[in-house]
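Q: Below you will find the structure I want to go over with you.
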Amino acid sequence: MVESARPRKRFEVVEVTGPSMVPTLLDGDRLVVRYGAAVRPGDIVVLRHPFQQDLLVVKRAVERRPGGAWWVLGDNPFNETGDSTVYGPVPGELVLATAVLRFRPREGDQRSLRARLSWAASSLRVLRADASASSRLRAR
């Protein structure tokens, strides 16, 4: 799930909530997303839930289906929050944005220089389409 109260822009920062994308994304991670970007298999995308369209969710676009719909799955095989195995292919118009960057907020107890450097080295990651994740998820 994603929390965002701001109006949609070309780029936006959203917060990840829930475990459906673990280990790739953790609860509390922030994503920089790009609205209107072309979606490729393996991209992490923000979409409107097909049955609750006021709810935004984050999933991995696995495969484009006939008619422009996307098969989307969470990276966490043990989570049952719902994906295309529950609601089927997602119409292309419900796929709103692709994630381009992930960053983790700094924890308040990171006071030492070593802890801050460790956070800085691991908190920021560019997100690119991961074709291997797409094929691995498709095989589940």
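Note on naming: chains are A, B, ... as they come in the structure tokens, residues start from 1 per chain, ligands start from 1 in the order shown.
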Please produce, as CSV, a per-residue contact table for segment 74-127 of chain A versus segment 48-55 of chain A (criterion: any atom at most 10 Å away, only C-alpha atoms considered), showing the nearest atom pair and its distance in Å to one decimal, sorted by chain then residue number.
A:
```
residue,atom,partner,partner_atom,distance
A:Gly82,CA,A:His49,CA,9.3
A:Asp83,CA,A:His49,CA,8.9
A:Ser84,CA,A:Pro50,CA,9.6
A:Tyr87,CA,A:Pro50,CA,7.1
A:Gly88,CA,A:Pro50,CA,9.0
A:Pro89,CA,A:Pro50,CA,9.1
A:Val90,CA,A:Pro50,CA,6.6
A:Pro91,CA,A:Pro50,CA,8.1
A:Glu93,CA,A:Arg48,CA,8.9
A:Leu94,CA,A:Arg48,CA,5.2
A:Val95,CA,A:Arg48,CA,6.6
A:Leu96,CA,A:Arg48,CA,7.3
```
Q: Keeping only N, CA and C atoms, write the selected residues to a file as a compact mmCIF listing (two decimals), in the first residue's frame.
A:
```
# COMPACT_ATOMS: atom_id res chain seq x y z
N GLY A 82 -2.86 -9.53 -1.50
CA GLY A 82 -3.56 -9.44 -2.78
C GLY A 82 -2.68 -8.93 -3.90
N ASP A 83 -2.80 -9.59 -5.02
CA ASP A 83 -2.14 -9.19 -6.25
C ASP A 83 -2.92 -9.84 -7.38
N SER A 84 -2.33 -10.00 -8.54
CA SER A 84 -3.07 -10.55 -9.67
C SER A 84 -3.51 -12.00 -9.46
N TYR A 87 -6.92 -10.81 -7.89
CA TYR A 87 -7.84 -9.98 -8.67
C TYR A 87 -7.58 -10.02 -10.18
N GLY A 88 -6.69 -10.87 -10.65
CA GLY A 88 -6.47 -11.01 -12.08
C GLY A 88 -5.65 -9.88 -12.67
N PRO A 89 -5.57 -9.84 -14.00
CA PRO A 89 -4.80 -8.79 -14.66
C PRO A 89 -5.39 -7.41 -14.35
N VAL A 90 -4.51 -6.43 -14.20
CA VAL A 90 -4.92 -5.06 -13.86
C VAL A 90 -4.97 -4.25 -15.16
N PRO A 91 -6.10 -3.61 -15.43
CA PRO A 91 -6.17 -2.78 -16.64
C PRO A 91 -5.07 -1.73 -16.65
N GLU A 93 -4.90 1.28 -17.51
CA GLU A 93 -5.21 2.63 -17.02
C GLU A 93 -5.17 2.74 -15.50
N LEU A 94 -5.14 1.61 -14.78
CA LEU A 94 -5.01 1.64 -13.32
C LEU A 94 -3.56 1.66 -12.87
N VAL A 95 -2.63 1.38 -13.78
CA VAL A 95 -1.20 1.45 -13.46
C VAL A 95 -0.79 2.91 -13.64
N LEU A 96 -0.48 3.58 -12.54
CA LEU A 96 -0.30 5.04 -12.55
C LEU A 96 1.14 5.49 -12.70
```
Q: Could you list, as a list in words, every residue within 8 Å of segment 99-110 of chain A, counting only C-alpha atoms and ignoring same-chain residues fewer than 4 positions away?
A: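 So the residues in contact are Leu25, Gly28, Asp29, Arg30, Leu31, Val32, Val33, Arg34, Asp43, Ile44, Val45, Val46, Ala115, Arg116, Trp119, Ser123, Leu124, Arg125, Val126, Leu127 and Arg128 of chain A.
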Q: Emit the selected residues as a short mmCIF file (atom, residue, chain, number, x, y, z; two decimals), in the first residue's frame, including N, CA and C atoms.
A:
```
data_model
loop_
_atom_site.label_atom_id
_atom_site.label_comp_id
_atom_site.auth_asym_id
_atom_site.auth_seq_id
_atom_site.Cartn_x
_atom_site.Cartn_y
_atom_site.Cartn_z
N LEU A 25 11.29 -3.94 -0.82
CA LEU A 25 10.84 -2.72 -0.15
C LEU A 25 10.34 -3.08 1.23
N GLY A 28 7.64 1.57 5.46
CA GLY A 28 8.27 2.85 5.80
C GLY A 28 9.24 3.37 4.75
N ASP A 29 9.63 2.54 3.79
CA ASP A 29 10.49 3.03 2.71
C ASP A 29 9.76 4.13 1.95
N ARG A 30 10.53 5.02 1.36
CA ARG A 30 9.97 6.06 0.51
C ARG A 30 10.38 5.75 -0.93
N LEU A 31 9.48 6.02 -1.85
CA LEU A 31 9.74 5.82 -3.27
C LEU A 31 9.57 7.14 -4.01
N VAL A 32 10.47 7.42 -4.93
CA VAL A 32 10.26 8.48 -5.89
C VAL A 32 9.64 7.79 -7.09
N VAL A 33 8.42 8.21 -7.44
CA VAL A 33 7.70 7.58 -8.55
C VAL A 33 7.51 8.58 -9.67
N ARG A 34 7.42 8.03 -10.86
CA ARG A 34 7.22 8.86 -12.06
C ARG A 34 5.89 8.48 -12.69
N ASP A 43 9.32 -3.84 -13.66
CA ASP A 43 9.21 -2.55 -12.98
C ASP A 43 8.38 -2.68 -11.71
N ILE A 44 8.74 -1.88 -10.72
CA ILE A 44 7.90 -1.71 -9.54
C ILE A 44 6.95 -0.57 -9.87
N VAL A 45 5.65 -0.81 -9.69
CA VAL A 45 4.65 0.16 -10.12
C VAL A 45 3.70 0.51 -8.98
N VAL A 46 3.10 1.70 -9.10
CA VAL A 46 2.01 2.12 -8.23
C VAL A 46 0.74 2.02 -9.06
N ALA A 115 27.27 4.70 12.17
CA ALA A 115 25.87 4.36 11.90
C ALA A 115 25.30 5.25 10.80
N ARG A 116 25.64 6.52 10.82
CA ARG A 116 25.15 7.44 9.78
C ARG A 116 25.73 7.12 8.41
N TRP A 119 24.00 3.99 7.14
CA TRP A 119 22.67 4.34 6.64
C TRP A 119 22.78 5.00 5.26
N SER A 123 20.78 3.41 2.20
CA SER A 123 19.42 3.95 2.18
C SER A 123 18.91 4.29 0.79
N LEU A 124 19.78 4.60 -0.11
CA LEU A 124 19.38 5.07 -1.44
C LEU A 124 19.66 4.00 -2.48
N ARG A 125 18.65 3.68 -3.30
CA ARG A 125 18.86 2.70 -4.36
C ARG A 125 18.00 3.06 -5.57
N VAL A 126 18.64 3.08 -6.72
CA VAL A 126 17.92 3.30 -7.97
C VAL A 126 17.17 2.00 -8.28
N LEU A 127 15.91 2.13 -8.69
CA LEU A 127 15.09 0.96 -9.02
C LEU A 127 14.95 0.88 -10.53
N ARG A 128 15.44 -0.20 -11.08
CA ARG A 128 15.32 -0.45 -12.53
C ARG A 128 14.47 -1.69 -12.73
#
```
Q: Taking only C-alpha atoms into account, name the residue in A:Asn79, A:Arg111, A:Gly42, A:Val57 that is nearest to Pro19 of chain A.
A: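 Selected residue with least distance to Pro19 of chain A: A:Asn79.
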Q: Quote the spacing between atom CA of Gly36 of chain A and atom CA of Asn76 of chain A in Å to one decimal place.
A: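 So the two atoms, atom CA of Gly36 of chain A and atom CA of Asn76 of chain A, lie 25.9 Å apart.
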Q: Rounded to one decimal place, report the atom CA of Ala97 of chain A-atom CA of Pro66 of chain A distance in Å.
A: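 Straight-line distance from atom CA of Ala97 of chain A to atom CA of Pro66 of chain A works out to 20.0 Å.
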Q: Just checking: using only C-alpha atoms, which residue out of A:Gly92, A:Arg64, A:Ser118, A:Pro77 ends up closest to Arg40 of chain A?
A: A:Arg64
Q: Give me every alpha helix (DSSP H) residue in segment 16-95 of chain A, going by DSSP on the backbone, as a VMD selection string.
A: chain A and resid 84 to 87
Q: What is the distance between atom CA of Leu47 of chain A and atom CA of Asp130 of chain A, in Å to one decimal?
A: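 So the two atoms, atom CA of Leu47 of chain A and atom CA of Asp130 of chain A, lie 17.9 Å apart.
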Q: Which residues in segment 10-65 of chain A does DSSP call strand (DSSP E)? List them as a PyMOL selection string.
A: chain A and resi 11-16+30-35+44-48+56-64
Q: Can you write just those residues out, C-alpha atoms, as a PDB file, in the first residue's frame?
A:
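Contents of again-v3.pdb, as written:
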```
ATOM      1  CA  PHE A  11       7.374  12.916  -9.942  1.00  0.00           C
ATOM      2  CA  GLU A  12       6.257  12.357  -6.377  1.00  0.00           C
ATOM      3  CA  VAL A  13       7.503  10.815  -3.145  1.00  0.00           C
ATOM      4  CA  VAL A  14       5.231   8.136  -1.657  1.00  0.00           C
ATOM      5  CA  GLU A  15       5.553   5.970   1.442  1.00  0.00           C
ATOM      6  CA  VAL A  16       5.356   2.181   1.360  1.00  0.00           C
ATOM      7  CA  ARG A  30       9.974   6.064   0.507  1.00  0.00           C
ATOM      8  CA  LEU A  31       9.740   5.823  -3.274  1.00  0.00           C
ATOM      9  CA  VAL A  32      10.259   8.483  -5.889  1.00  0.00           C
ATOM     10  CA  VAL A  33       7.705   7.577  -8.547  1.00  0.00           C
ATOM     11  CA  ARG A  34       7.224   8.864 -12.062  1.00  0.00           C
ATOM     12  CA  TYR A  35       3.684   9.219 -13.348  1.00  0.00           C
ATOM     13  CA  ILE A  44       7.898  -1.713  -9.545  1.00  0.00           C
ATOM     14  CA  VAL A  45       4.646   0.159 -10.120  1.00  0.00           C
ATOM     15  CA  VAL A  46       2.013   2.124  -8.227  1.00  0.00           C
ATOM     16  CA  LEU A  47      -1.513   1.192  -9.227  1.00  0.00           C
ATOM     17  CA  ARG A  48      -5.091   1.657  -8.157  1.00  0.00           C
ATOM     18  CA  LEU A  56      -3.032   2.748  -4.107  1.00  0.00           C
ATOM     19  CA  VAL A  57      -0.758  -0.297  -3.992  1.00  0.00           C
ATOM     20  CA  VAL A  58       2.830  -1.090  -4.948  1.00  0.00           C
ATOM     21  CA  LYS A  59       3.536  -4.289  -6.896  1.00  0.00           C
ATOM     22  CA  ARG A  60       5.926  -5.617  -9.516  1.00  0.00           C
ATOM     23  CA  ALA A  61       4.677  -5.578 -13.112  1.00  0.00           C
ATOM     24  CA  VAL A  62       5.410  -9.119 -14.228  1.00  0.00           C
ATOM     25  CA  GLU A  63       3.849  -9.494 -17.645  1.00  0.00           C
ATOM     26  CA  ARG A  64       1.791  -7.443 -20.088  1.00  0.00           C
TER      27      ARG A  64
END
```
Q: From the set A:Val72, A:Ala120, A:Leu113, A:Ala129, which residue has the shortest atom-to-atom contact distance to Val86 of chain A, counting only C-alpha atoms?
A: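 The closest residue to Val86 of chain A is A:Val72.
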